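Novice: Would you mind keeping the following structure in view while I ask a few things?
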Amino acid sequence: MEPINSVESVDDPYLLYPELAIATPPTSRIRRLVAYDWANGFVSPFRETPTDVCTSLAEYLRLHSLVSARDSLLDLGCGNGALLFGVVKALGPVATSCSLVGLDLDLTLVEEAAKTATGDAIIRNQRVQLFVGDIVSRNPVSQVHPRLRSNIDGISMVSTTTTVDTLLDDASVILLYLLPEAIGKLLPSLRHQIHLGKLVVSIKWPLTSPDLDLSEFLCTHQDGYLVYRRSIKA
Ligand SMILES: C[S@@+](CC[C@H](N)C(=O)[O-])C[C@H]1O[C@@H](n2cnc3c(N)ncnc32)[C@H](O)[C@@H]1O
């Protein structure tokens, strides 16, 4: 483990990824500054998908006709919505009728996403559902409702019977930008969803596991993201 001083000087926690993968002591300042709130169930620190990656992903999806108006996009660990909304905005008209679903454990980030959902000229015309909950739990998640579309201060949380599994079942395109360990926890579910014909997009890191074989799926590795789908033969 790096000494705290050198950790503090690093802007990007992912540069420290091997250390982040190791459980950090709860009292450590590293946990607060870099490794995020592991003790409260967070499995990946927040970082926005860069705009150029959203644009490139949207171009890829459009070029290969992988998104249509009927699709429902789900971002597991949506943060402030940078990936979910960024891709949809870059997709343009083809995505204007898509429904957009985001789930994150960090209420503050989901509130930011809700603010965009109500304030952004393009996104506010989309069907958007935002949830607060744990992507690696089977417990129901809470839905975040902006009470007044014009006033983000009025946000309310509503209990639901929705779980991560039902969100996955309802989605047709699943987006994620998570550390490999977090991806590993979701792999069995993701593999099942790809089998069903869903598209899974992982920003930066591949879906890999020593225990699960994903070589049966088509994987396109682009600059900054990977797209998985059932092979034509499957
Ligand atoms: C790298 S960020 C990606 C944010 C967004 N998807 C994007 O690409 O712009 C990872 C996100 O996962 C969220 N996260 C971490 N652990 C989580 C958990 N157990 N359940 C739900 N969200 C979690 C973090 O709060 C953070 O917003």
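Every chain in the structure tokens has a letter given in the order shown (A, B, ...), and although residue numbers restart at 1 in each chain, ligands are simply numbered from 1 in the order shown.
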Given only C-alpha atoms and all ligand atoms, how would the per-residue table for chain A near ligand 1 read, listing every residue at most 9 Å away with its closest atom pair and distance in Å to one decimal, sorted by chain and number, as a tab-separated table?
Specialist:
```
residue	atom	partner	partner_atom_place_in_ligand_line	distance
A:Tyr36	CA	ligand 1	15 (C)	8.5
A:Asp37	CA	ligand 1	16 (N)	8.4
A:Trp38	CA	ligand 1	16 (N)	8.0
A:Asn40	CA	ligand 1	19 (N)	8.2
A:Gly41	CA	ligand 1	19 (N)	4.9
A:Phe42	CA	ligand 1	16 (N)	3.3
A:Val43	CA	ligand 1	16 (N)	3.8
A:Ser44	CA	ligand 1	15 (C)	4.1
A:Pro45	CA	ligand 1	24 (C)	5.2
A:Phe46	CA	ligand 1	26 (C)	3.7
A:Arg47	CA	ligand 1	1 (C)	4.1
A:Glu48	CA	ligand 1	9 (O)	3.4
A:Thr49	CA	ligand 1	9 (O)	4.0
A:Pro50	CA	ligand 1	9 (O)	7.3
A:Cys54	CA	ligand 1	8 (O)	8.9
A:Asp75	CA	ligand 1	6 (N)	5.9
A:Leu76	CA	ligand 1	22 (N)	6.5
A:Gly77	CA	ligand 1	12 (O)	3.5
A:Cys78	CA	ligand 1	6 (N)	3.7
A:Gly79	CA	ligand 1	27 (O)	3.3
A:Asn80	CA	ligand 1	5 (C)	6.5
A:Gly81	CA	ligand 1	9 (O)	5.8
A:Ala82	CA	ligand 1	9 (O)	4.2
A:Leu83	CA	ligand 1	9 (O)	4.2
A:Leu84	CA	ligand 1	6 (N)	6.9
A:Phe85	CA	ligand 1	9 (O)	8.9
A:Gly86	CA	ligand 1	9 (O)	8.4
A:Gly102	CA	ligand 1	6 (N)	8.3
A:Leu103	CA	ligand 1	21 (C)	6.2
A:Asp104	CA	ligand 1	22 (N)	3.7
A:Leu105	CA	ligand 1	21 (C)	4.0
A:Asp106	CA	ligand 1	25 (O)	4.9
A:Leu107	CA	ligand 1	25 (O)	8.5
A:Leu109	CA	ligand 1	27 (O)	6.6
A:Val110	CA	ligand 1	27 (O)	8.3
A:Val132	CA	ligand 1	21 (C)	7.4
A:Gly133	CA	ligand 1	21 (C)	5.6
A:Asp134	CA	ligand 1	20 (N)	3.4
A:Ile135	CA	ligand 1	20 (N)	4.0
A:Val136	CA	ligand 1	19 (N)	5.7
A:Ser137	CA	ligand 1	19 (N)	7.6
A:Leu175	CA	ligand 1	6 (N)	7.2
A:Leu176	CA	ligand 1	6 (N)	5.6
A:Tyr177	CA	ligand 1	3 (C)	4.7
A:Leu178	CA	ligand 1	1 (C)	5.2
A:Leu179	CA	ligand 1	1 (C)	7.3
A:Ala182	CA	ligand 1	16 (N)	7.7
A:Ile203	CA	ligand 1	8 (O)	7.0
```
Novice: Name all residues at most 9 Å from Ser72 in chain A (count only C-alpha atoms; drop same-chain ones fewer than 2 positions away) and give them as a PyMOL selection string.
Specialist: chain A and resi 69-70+74+98-101+170-174
Novice: Please list as a list in words every residue within 10 Å of Asp211 in chain A, counting only C-alpha atoms and excluding residues in the same chain fewer than 5 positions away.
Specialist: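 My list of contacting residues is Gly184, Leu187 and Pro188 of chain A.
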Novice: Include N, CA and C atoms and write out the residues we just selected as a tab-separated table (two decimals), in the first residue's frame.
Specialist:
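The result, stored in result-v5.tsv:
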```
chain	number	residue	atom	x	y	z
A	184	GLY	N	-16.99	-8.13	-11.48
A	184	GLY	CA	-16.96	-9.56	-11.15
A	184	GLY	C	-18.18	-9.99	-10.36
A	187	LEU	N	-21.09	-10.31	-12.76
A	187	LEU	CA	-20.90	-11.11	-13.99
A	187	LEU	C	-21.96	-12.17	-14.26
A	188	PRO	N	-22.34	-12.98	-13.26
A	188	PRO	CA	-23.35	-14.00	-13.56
A	188	PRO	C	-24.64	-13.38	-14.12
```
Novice: When you draw a straight line from CA of Ala121 in chain A to CA of His145 in chain A, how long is it in Å?
Specialist: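 Interatomic distance, CA of Ala121 in chain A to CA of His145 in chain A: 18.3 Å.
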Novice: In Å to one decimal, how far is CA of Thr163 in chain A from CA of Leu61 in chain A?
Specialist: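 Atom-to-atom, CA of Leu61 in chain A and CA of Thr163 in chain A are spaced 27.1 Å apart.
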Novice: Can you tell me, as number ranges by chain, which residues in range 23-207 of chain A count as strand (DSSP E or B) by DSSP?
Specialist: A: 72-76, 99-104, 127-132, 142-148, 151-159, 173-176, 199-203
Novice: A:Val128, A:Pro93, A:Phe217, A:Val227: which is nearest Val200 in chain A, counting only C-alpha atoms?
Specialist: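 With only C-alpha atoms as the atom set, the closest residue is A:Val227.
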Novice: With distances taken over only C-alpha atoms, which residue among A:Leu218, A:Leu190, A:Leu168, A:Leu91 lies nearest Tyr60 in chain A?
Specialist: A:Leu91
Novice: List every residue of range 83-205 of chain A that DSSP, applied to the backbone of this structure, assigns to helix (DSSP H, G or I), and report them as number ranges by chain.
Specialist: A: 83-95, 107-119, 123-125, 164-170, 180-195
Novice: Using only C-alpha atoms, pick whichever of A:His192, A:Asp52, A:Thr96, A:Gln126 has the shortest atom-to-atom distance to Asp213 in chain A.
Specialist: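 Of the candidates, the smallest distance to Asp213 in chain A is held by A:His192.
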Novice: Extract, using only C-alpha atoms, all DNA, RNA and protein residues at most 9 Å from Tyr225 in chain A, discarding same-chain residues fewer than 2 positions from it, and format them as a list in words.
Specialist: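 So, after excluding close chain neighbours, the residues are Val53, Leu57, Tyr177, Val201, Ser202, Ile203, Lys204, Trp205, Pro206, Thr220, His221, Gln222, Asp223 and Val227 of chain A.
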Novice: Have a look at CA of Asn139 in chain A and CA of Pro180 in chain A and let me know their distance in Å, one decimal.
Specialist: 22.3 Å
Novice: Pick out the residues sitting within 8 Å of Gln193 in chain A, and hand them over as a list in words; count only C-alpha atoms, and ignore anything fewer than 5 positions along from it in its own chain.
Specialist: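 The filter keeps Leu168, Asp169, Lys198 and Leu199 of chain A.
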